[in-house]
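What follows is the content of coords.pdb, which has PDB, C-alpha atoms:
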```
MODEL        1
ATOM      1  CA  MET A1194       1.815   3.589  35.575
ATOM      2  CA  ASP A1195       4.037   0.993  33.988
ATOM      3  CA  LYS A1196       6.849   1.830  31.602
ATOM      4  CA  ILE A1197       5.168   0.284  28.554
ATOM      5  CA  TRP A1198       2.227   2.716  28.755
ATOM      6  CA  GLU A1199       4.701   5.589  29.056
ATOM      7  CA  GLU A1200       6.592   4.378  25.970
ATOM      8  CA  MET A1201       3.328   4.085  24.052
ATOM      9  CA  TYR A1202       2.251   7.557  25.147
ATOM     10  CA  ASP A1203       5.591   9.030  24.038
ATOM     11  CA  ALA A1204       5.322   7.282  20.659
ATOM     12  CA  ALA A1205       1.769   8.551  20.116
ATOM     13  CA  LYS A1206       2.691  12.046  21.284
ATOM     14  CA  ALA A1207       5.558  12.144  18.762
ATOM     15  CA  VAL A1208       3.119  11.830  15.825
ATOM     16  CA  LEU A1209       0.421  14.114  17.262
ATOM     17  CA  LYS A1210       0.805  16.971  14.791
ATOM     18  CA  PRO A1211      -2.475  18.505  13.617
ATOM     19  CA  VAL A1212      -2.290  19.659  10.019
ATOM     20  CA  THR A1213      -4.736  20.830   7.381
ATOM     21  CA  ILE A1214      -3.698  19.130   4.166
ATOM     22  CA  SER A1215      -6.373  20.608   1.906
ATOM     23  CA  ASP A1216      -9.818  22.147   2.123
ATOM     24  CA  TYR A1217     -11.107  18.583   2.409
ATOM     25  CA  VAL A1218      -8.515  16.688   4.456
ATOM     26  CA  SER A1219      -6.965  17.218   7.883
ATOM     27  CA  ALA A1220      -4.847  14.844   9.916
ATOM     28  CA  GLY A1221      -3.028  14.339  13.170
ATOM     29  CA  GLU A1222      -5.535  15.828  15.605
ATOM     30  CA  VAL A1223      -5.707  12.426  17.306
ATOM     31  CA  SER A1224      -2.870   9.923  17.546
ATOM     32  CA  ALA A1225      -2.615   6.349  18.771
ATOM     33  CA  ALA A1226      -0.067   3.712  19.658
ATOM     34  CA  VAL A1227      -0.666  -0.024  19.454
ATOM     35  CA  ARG A1228       1.625  -2.553  21.107
ATOM     36  CA  SER A1229       1.699  -5.940  19.454
ATOM     37  CA  LYS A1230       1.994  -9.224  21.337
ATOM     38  CA  SER A1231       5.595  -9.370  20.068
ATOM     39  CA  GLY A1232       6.328  -6.112  21.939
ATOM     40  CA  ASN A1233       6.590  -3.720  18.993
ATOM     41  CA  ILE A1234       4.877  -0.334  19.160
ATOM     42  CA  TYR A1235       3.153   1.093  16.076
ATOM     43  CA  THR A1236       1.615   4.528  15.695
ATOM     44  CA  GLY A1237      -1.065   6.151  13.599
ATOM     45  CA  VAL A1238      -2.960   9.408  13.319
ATOM     46  CA  CYS A1239      -6.541  10.174  12.438
ATOM     47  CA  ILE A1240      -7.205  11.342   8.911
ATOM     48  CA  ASP A1241     -10.412  13.320   8.539
ATOM     49  CA  THR A1242     -12.060  13.965   5.189
ATOM     50  CA  CYS A1243     -15.250  15.678   4.092
ATOM     51  CA  SER A1244     -16.657  12.241   3.240
ATOM     52  CA  THR A1245     -16.391   8.786   4.798
ATOM     53  CA  LEU A1246     -12.864   8.181   3.503
ATOM     54  CA  GLY A1247     -11.168   9.126   6.781
ATOM     55  CA  ILE A1248      -9.762   6.787   9.398
ATOM     56  CA  CYS A1249      -9.319   6.767  13.158
ATOM     57  CA  ALA A1250      -5.858   6.895  14.693
ATOM     58  CA  GLU A1251      -6.307   3.473  16.317
ATOM     59  CA  ARG A1252      -7.159   1.721  13.046
ATOM     60  CA  ASN A1253      -4.341   3.550  11.309
ATOM     61  CA  ALA A1254      -1.907   2.251  13.967
ATOM     62  CA  ILE A1255      -3.340  -1.282  13.649
ATOM     63  CA  PHE A1256      -2.906  -1.153   9.857
ATOM     64  CA  ASN A1257       0.678  -0.006  10.414
ATOM     65  CA  MET A1258       1.161  -3.027  12.692
ATOM     66  CA  ILE A1259      -0.258  -5.394  10.070
ATOM     67  CA  THR A1260       1.834  -3.771   7.331
ATOM     68  CA  ASN A1261       4.907  -4.565   9.401
ATOM     69  CA  GLY A1262       4.007  -8.237   9.906
ATOM     70  CA  ASP A1263       2.460  -8.243  13.389
ATOM     71  CA  TYR A1264      -1.092  -9.534  13.746
ATOM     72  CA  GLU A1265      -1.956  -9.625  17.461
ATOM     73  CA  ILE A1266      -2.663  -6.613  19.652
ATOM     74  CA  ASP A1267      -1.598  -6.409  23.284
ATOM     75  CA  ARG A1268      -2.421  -2.790  24.172
ATOM     76  CA  VAL A1269      -4.012   0.303  22.623
ATOM     77  CA  LEU A1270      -3.502   3.918  23.663
ATOM     78  CA  CYS A1271      -5.073   6.962  22.023
ATOM     79  CA  ILE A1272      -4.405  10.658  22.555
ATOM     80  CA  PRO A1273      -7.707  12.373  21.739
ATOM     81  CA  PRO A1274      -8.111  16.141  21.324
ATOM     82  CA  ASN A1275      -6.892  18.064  24.367
ATOM     83  CA  GLU A1276      -5.448  14.774  25.658
ATOM     84  CA  GLY A1277      -8.810  13.829  27.082
ATOM     85  CA  LYS A1278     -10.114  10.391  27.780
ATOM     86  CA  GLY A1279     -12.240   7.956  25.838
ATOM     87  CA  ALA A1280     -12.660   4.497  24.413
ATOM     88  CA  PRO A1281     -12.145   3.334  20.824
ATOM     89  CA  CYS A1282     -15.104   3.861  18.508
ATOM     90  CA  GLY A1283     -17.255   1.002  17.257
ATOM     91  CA  ALA A1284     -15.325   0.654  13.988
ATOM     92  CA  CYS A1285     -12.030   0.326  15.869
ATOM     93  CA  ARG A1286     -13.526  -2.216  18.280
ATOM     94  CA  GLU A1287     -14.955  -4.136  15.336
ATOM     95  CA  LEU A1288     -11.551  -4.355  13.643
ATOM     96  CA  MET A1289      -9.909  -5.603  16.840
ATOM     97  CA  THR A1290     -12.573  -8.286  17.365
ATOM     98  CA  GLN A1291     -12.302  -9.530  13.793
ATOM     99  CA  LEU A1292      -8.507  -9.478  13.910
ATOM    100  CA  MET A1293      -8.388 -11.499  17.125
ATOM    101  CA  PRO A1294     -11.564 -13.596  17.487
ATOM    102  CA  GLY A1295     -11.472 -15.546  20.724
ATOM    103  CA  LYS A1296      -8.644 -13.333  22.044
ATOM    104  CA  TYR A1297      -9.857  -9.756  21.627
ATOM    105  CA  LYS A1298     -11.344  -9.573  25.129
ATOM    106  CA  ASP A1299      -7.823  -9.551  26.625
ATOM    107  CA  ILE A1300      -6.611  -6.434  24.776
ATOM    108  CA  ASP A1301      -5.765  -3.641  27.242
ATOM    109  CA  ILE A1302      -7.234  -0.247  26.341
ATOM    110  CA  MET A1303      -5.966   2.939  27.991
ATOM    111  CA  ILE A1304      -9.144   4.865  28.786
ATOM    112  CA  ASP A1305      -7.619   7.783  30.716
ATOM    113  CA  TYR A1306      -3.844   8.242  30.669
ATOM    114  CA  ALA A1307      -3.793  10.974  33.336
ATOM    115  CA  ALA A1308      -5.737   8.750  35.743
ATOM    116  CA  ASP A1309      -3.905   5.546  34.682
ATOM    117  CA  ARG A1310      -7.282   3.925  33.907
ATOM    118  CA  VAL A1311      -7.115   0.799  31.754
ATOM    119  CA  MET A1312      -9.938  -1.497  30.678
ATOM    120  CA  LYS A1313     -10.041  -4.771  28.792
ATOM    121  CA  LEU A1314     -11.653  -4.633  25.365
ATOM    122  CA  GLY A1315     -13.918  -7.455  26.551
ATOM    123  CA  ASP A1316     -15.322  -5.154  29.243
ATOM    124  CA  LEU A1317     -15.948  -2.430  26.655
ATOM    125  CA  THR A1318     -17.327  -4.930  24.150
ATOM    126  CA  PRO A1319     -18.936  -7.695  26.235
ATOM    127  CA  GLU A1320     -21.548  -9.073  23.830
ATOM    128  CA  TRP A1321     -20.053  -8.688  20.386
ATOM    129  CA  TRP A1322     -21.620 -10.526  17.443
ATOM    130  CA  ILE A1323     -18.418 -12.439  16.706
ATOM    131  CA  GLU A1324     -18.759 -14.619  19.806
TER     132      GLU A1324
ENDMDL
END
```

Write the structure described by the file as structure tokens, please.
Amino acid sequence: MDKIWEEMYDAAKAVLKPVTISDYVSAGEVSAAVRSKSGNIYTGVCIDTCSTLGICAERNAIFNMITNGDYEIDRVLCIPPNEGKGAPCGACRELMTQLMPGKYKDIDIMIDYAADRVMKLGDLTPEWWIE
């Protein structure tokens, strides 16, 4: 495993703090780190609500990246519940494709940190409508 993935994992792990905010909102059960093309690492946590107002950790991290003036994604890492494995949901993939049309296929996605398994977003999203 290369050092960048380890740094991203540590950054995501640092914000992984499950909390119940109210009877209707919980947060931090999933965390993510996004590395921009400029080399900066941004984090985010999931925010779950009793309606559709919540957001995934990956999109939250991407919005943090955009808020801080970076607009191109290099890598994405997510720590799902019980530090399992998995790919970004359709909404997260959709945001990445729209943010980087023509370039999104080269984004590295950590699928399974324990197994050091990485896939390109283009392999996860081969026939997206944006092409």

Residues matched by the PyMOL selection byres ((chain A and resi 1236) around 9), written as an mmCIF file with C-alpha atoms, in the frame of the given file:
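Printed below is part_30.cif as written:
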```cif
data_model
loop_
_atom_site.group_PDB
_atom_site.id
_atom_site.type_symbol
_atom_site.label_atom_id
_atom_site.label_comp_id
_atom_site.auth_asym_id
_atom_site.auth_seq_id
_atom_site.Cartn_x
_atom_site.Cartn_y
_atom_site.Cartn_z
ATOM 1 C CA MET A 1201 3.328 4.085 24.052
ATOM 2 C CA ALA A 1204 5.322 7.282 20.659
ATOM 3 C CA ALA A 1205 1.769 8.551 20.116
ATOM 4 C CA VAL A 1208 3.119 11.830 15.825
ATOM 5 C CA SER A 1224 -2.870 9.923 17.546
ATOM 6 C CA ALA A 1225 -2.615 6.349 18.771
ATOM 7 C CA ALA A 1226 -0.067 3.712 19.658
ATOM 8 C CA VAL A 1227 -0.666 -0.024 19.454
ATOM 9 C CA ARG A 1228 1.625 -2.553 21.107
ATOM 10 C CA ILE A 1234 4.877 -0.334 19.160
ATOM 11 C CA TYR A 1235 3.153 1.093 16.076
ATOM 12 C CA GLY A 1237 -1.065 6.151 13.599
ATOM 13 C CA VAL A 1238 -2.960 9.408 13.319
ATOM 14 C CA ALA A 1250 -5.858 6.895 14.693
ATOM 15 C CA GLU A 1251 -6.307 3.473 16.317
ATOM 16 C CA ASN A 1253 -4.341 3.550 11.309
ATOM 17 C CA ALA A 1254 -1.907 2.251 13.967
ATOM 18 C CA ILE A 1255 -3.340 -1.282 13.649
ATOM 19 C CA ASN A 1257 0.678 -0.006 10.414
ATOM 20 C CA MET A 1258 1.161 -3.027 12.692
#
```

Could you check which residues have any atom within 10 Å of (2.1, 4.5, 30.0), counting all atoms listed in the file with coordinates taken straight from the file, and then list them as a PDB file with C-alpha atoms, in the coordinates of the input?
```
ATOM      1  CA  MET A1194       1.815   3.589  35.575  1.00  0.00           C
ATOM      2  CA  ASP A1195       4.037   0.993  33.988  1.00  0.00           C
ATOM      3  CA  LYS A1196       6.849   1.830  31.602  1.00  0.00           C
ATOM      4  CA  ILE A1197       5.168   0.284  28.554  1.00  0.00           C
ATOM      5  CA  TRP A1198       2.227   2.716  28.755  1.00  0.00           C
ATOM      6  CA  GLU A1199       4.701   5.589  29.056  1.00  0.00           C
ATOM      7  CA  GLU A1200       6.592   4.378  25.970  1.00  0.00           C
ATOM      8  CA  MET A1201       3.328   4.085  24.052  1.00  0.00           C
ATOM      9  CA  TYR A1202       2.251   7.557  25.147  1.00  0.00           C
ATOM     10  CA  ASP A1203       5.591   9.030  24.038  1.00  0.00           C
ATOM     11  CA  LEU A1270      -3.502   3.918  23.663  1.00  0.00           C
ATOM     12  CA  MET A1303      -5.966   2.939  27.991  1.00  0.00           C
ATOM     13  CA  TYR A1306      -3.844   8.242  30.669  1.00  0.00           C
ATOM     14  CA  ALA A1307      -3.793  10.974  33.336  1.00  0.00           C
ATOM     15  CA  ASP A1309      -3.905   5.546  34.682  1.00  0.00           C
TER      16      ASP A1309
END
```

message = I'd like the interatomic distance between CA of Val1212 in chain A and CA of Pro1274 in chain A, to a tenth of an Å.
response =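 It comes out at 13.2 Å.
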
query = A:Cys1282, A:Ser1229, A:Cys1271, A:Lys1206: which is nearest Phe1256 in chain A, counting only C-alpha atoms?
reply = A:Ser1229

Best match for closeness to Pro1319 in chain A among A:Asn1261, A:Ser1231, A:Ser1215, A:Thr1290, counting all atoms listed in the file = A:Thr1290

query = What does the distance from CA of Ile1266 in chain A to CA of Pro1281 in chain A come to in Å, to one decimal?
reply =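 Straight-line distance from CA of Ile1266 in chain A to CA of Pro1281 in chain A works out to 13.8 Å.
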
request  = Using all atoms listed in the file, pick whichever of A:Ile1302, A:Ala1284, A:Cys1249, A:Cys1239 has the shortest atom-to-atom distance to Leu1209 in chain A.
outcome  = A:Cys1239

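The shortest atom-to-atom distance to Leu1246 in chain A, with only C-alpha atoms taken into account, belongs to A:Val1218 out of A:Thr1213, A:Gly1279, A:Val1218, A:Leu1292.
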
message = Need to verify the contact set: Met1312 in chain A, 10 Å, only C-alpha atoms, exclusion of same-chain residues closer than 4 positions in sequence. Can you return it as a list in words?
response =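 Using only C-alpha atoms, the neighbours found are Ala1280, Lys1298, Asp1299, Ile1300, Asp1301, Ile1302, Met1303, Ile1304, Asp1305, Asp1316 and Leu1317 of chain A.
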
request  = Counting only C-alpha atoms, figure out which residue out of A:Pro1294, A:Asn1233, A:Lys1313, A:Asp1241 gets nearest to Ile1259 in chain A.
outcome  =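 Residue with the minimum atom-to-atom distance to Ile1259 in chain A: A:Asn1233.
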
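Across the structure, CA of Val1311 in chain A and CA of Asp1267 in chain A are spaced 12.4 Å apart.
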
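For the file shown, the residue list from the PyMOL selection byres ((chain A and resi 1243) around 12) reads Ser1215, Asp1216, Tyr1217, Val1218, Ser1219, Ala1220, Ile1240, Asp1241, Thr1242, Ser1244, Thr1245, Leu1246, Gly1247 and Ile1248 of chain A.
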
What does the file look like for those residues with C-alpha atoms, as a PDB file, in the coordinates of the input?
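The resulting again_15.pdb:
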```
ATOM      1  CA  SER A1215      -6.373  20.608   1.906  1.00  0.00           C
ATOM      2  CA  ASP A1216      -9.818  22.147   2.123  1.00  0.00           C
ATOM      3  CA  TYR A1217     -11.107  18.583   2.409  1.00  0.00           C
ATOM      4  CA  VAL A1218      -8.515  16.688   4.456  1.00  0.00           C
ATOM      5  CA  SER A1219      -6.965  17.218   7.883  1.00  0.00           C
ATOM      6  CA  ALA A1220      -4.847  14.844   9.916  1.00  0.00           C
ATOM      7  CA  ILE A1240      -7.205  11.342   8.911  1.00  0.00           C
ATOM      8  CA  ASP A1241     -10.412  13.320   8.539  1.00  0.00           C
ATOM      9  CA  THR A1242     -12.060  13.965   5.189  1.00  0.00           C
ATOM     10  CA  SER A1244     -16.657  12.241   3.240  1.00  0.00           C
ATOM     11  CA  THR A1245     -16.391   8.786   4.798  1.00  0.00           C
ATOM     12  CA  LEU A1246     -12.864   8.181   3.503  1.00  0.00           C
ATOM     13  CA  GLY A1247     -11.168   9.126   6.781  1.00  0.00           C
ATOM     14  CA  ILE A1248      -9.762   6.787   9.398  1.00  0.00           C
TER      15      ILE A1248
END
```

task = Determine the nearest neighbour of Glu1287 in chain A from the options A:Arg1268, A:Lys1230, A:Arg1310, A:Arg1252, counting only C-alpha atoms.
result =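 That would be A:Arg1252, the residue with the smallest distance to Glu1287 in chain A.
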
Rebuild range 1255-1279 of chain A to N, CA, C and O atoms - output it as a CSV table (one decimal), in the coordinates of the input, please.
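See rebuild-v4.csv below for the written result:
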```csv
chain,number,residue,atom,x,y,z
A,1255,ILE,N,-3.2,0.2,13.8
A,1255,ILE,CA,-3.3,-1.3,13.6
A,1255,ILE,C,-2.9,-1.7,12.2
A,1255,ILE,O,-2.2,-2.7,12.0
A,1256,PHE,N,-3.3,-0.9,11.2
A,1256,PHE,CA,-2.9,-1.2,9.9
A,1256,PHE,C,-1.4,-1.1,9.7
A,1256,PHE,O,-0.8,-1.8,9.0
A,1257,ASN,N,-0.8,-0.1,10.4
A,1257,ASN,CA,0.7,0.0,10.4
A,1257,ASN,C,1.3,-1.3,11.0
A,1257,ASN,O,2.3,-1.8,10.5
A,1258,MET,N,0.7,-1.8,12.1
A,1258,MET,CA,1.2,-3.0,12.7
A,1258,MET,C,1.1,-4.2,11.7
A,1258,MET,O,2.0,-4.9,11.5
A,1259,ILE,N,-0.1,-4.3,11.0
A,1259,ILE,CA,-0.3,-5.4,10.1
A,1259,ILE,C,0.7,-5.2,8.9
A,1259,ILE,O,1.3,-6.2,8.5
A,1260,THR,N,0.9,-4.0,8.4
A,1260,THR,CA,1.8,-3.8,7.3
A,1260,THR,C,3.2,-4.3,7.7
A,1260,THR,O,4.0,-4.7,6.8
A,1261,ASN,N,3.6,-4.2,9.0
A,1261,ASN,CA,4.9,-4.6,9.4
A,1261,ASN,C,5.0,-6.0,9.9
A,1261,ASN,O,6.0,-6.4,10.5
A,1262,GLY,N,3.9,-6.8,9.6
A,1262,GLY,CA,4.0,-8.2,9.9
A,1262,GLY,C,3.6,-8.7,11.3
A,1262,GLY,O,3.8,-9.9,11.6
A,1263,ASP,N,3.0,-7.8,12.1
A,1263,ASP,CA,2.5,-8.2,13.4
A,1263,ASP,C,0.9,-8.3,13.3
A,1263,ASP,O,0.3,-7.5,12.6
A,1264,TYR,N,0.3,-9.3,13.9
A,1264,TYR,CA,-1.1,-9.5,13.7
A,1264,TYR,C,-1.9,-9.6,15.0
A,1264,TYR,O,-3.1,-9.8,15.0
A,1265,GLU,N,-1.2,-9.5,16.2
A,1265,GLU,CA,-2.0,-9.6,17.5
A,1265,GLU,C,-1.7,-8.4,18.3
A,1265,GLU,O,-0.5,-8.0,18.5
A,1266,ILE,N,-2.7,-7.8,18.9
A,1266,ILE,CA,-2.7,-6.6,19.7
A,1266,ILE,C,-2.6,-7.0,21.1
A,1266,ILE,O,-3.3,-7.8,21.6
A,1267,ASP,N,-1.7,-6.3,21.8
A,1267,ASP,CA,-1.6,-6.4,23.3
A,1267,ASP,C,-2.3,-5.2,24.0
A,1267,ASP,O,-3.1,-5.4,24.9
A,1268,ARG,N,-1.9,-4.0,23.5
A,1268,ARG,CA,-2.4,-2.8,24.2
A,1268,ARG,C,-2.7,-1.7,23.1
A,1268,ARG,O,-2.1,-1.7,22.1
A,1269,VAL,N,-3.7,-0.8,23.5
A,1269,VAL,CA,-4.0,0.3,22.6
A,1269,VAL,C,-4.1,1.6,23.5
A,1269,VAL,O,-4.7,1.6,24.5
A,1270,LEU,N,-3.5,2.6,23.0
A,1270,LEU,CA,-3.5,3.9,23.7
A,1270,LEU,C,-3.8,5.0,22.6
A,1270,LEU,O,-3.2,5.0,21.5
A,1271,CYS,N,-4.7,5.9,22.9
A,1271,CYS,CA,-5.1,7.0,22.0
A,1271,CYS,C,-4.9,8.3,22.7
A,1271,CYS,O,-5.2,8.4,23.9
A,1272,ILE,N,-4.4,9.3,22.0
A,1272,ILE,CA,-4.4,10.7,22.6
A,1272,ILE,C,-5.5,11.5,21.8
A,1272,ILE,O,-5.2,11.9,20.7
A,1273,PRO,N,-6.6,11.6,22.4
A,1273,PRO,CA,-7.7,12.4,21.7
A,1273,PRO,C,-7.5,13.9,21.9
A,1273,PRO,O,-6.5,14.3,22.5
A,1274,PRO,N,-8.3,14.7,21.2
A,1274,PRO,CA,-8.1,16.1,21.3
A,1274,PRO,C,-8.0,16.6,22.8
A,1274,PRO,O,-8.7,16.1,23.7
A,1275,ASN,N,-7.1,17.5,23.0
A,1275,ASN,CA,-6.9,18.1,24.4
A,1275,ASN,C,-6.5,17.0,25.4
A,1275,ASN,O,-6.7,17.1,26.6
A,1276,GLU,N,-5.9,15.9,24.8
A,1276,GLU,CA,-5.4,14.8,25.7
A,1276,GLU,C,-6.5,14.3,26.7
A,1276,GLU,O,-6.2,14.0,27.8
A,1277,GLY,N,-7.7,14.3,26.2
A,1277,GLY,CA,-8.8,13.8,27.1
A,1277,GLY,C,-8.8,12.3,27.3
A,1277,GLY,O,-7.8,11.7,27.1
A,1278,LYS,N,-10.0,11.8,27.6
A,1278,LYS,CA,-10.1,10.4,27.8
A,1278,LYS,C,-11.2,9.9,26.9
A,1278,LYS,O,-12.0,10.6,26.4
A,1279,GLY,N,-11.2,8.6,26.7
A,1279,GLY,CA,-12.2,8.0,25.8
A,1279,GLY,C,-11.9,6.6,25.4
A,1279,GLY,O,-10.7,6.2,25.5
```
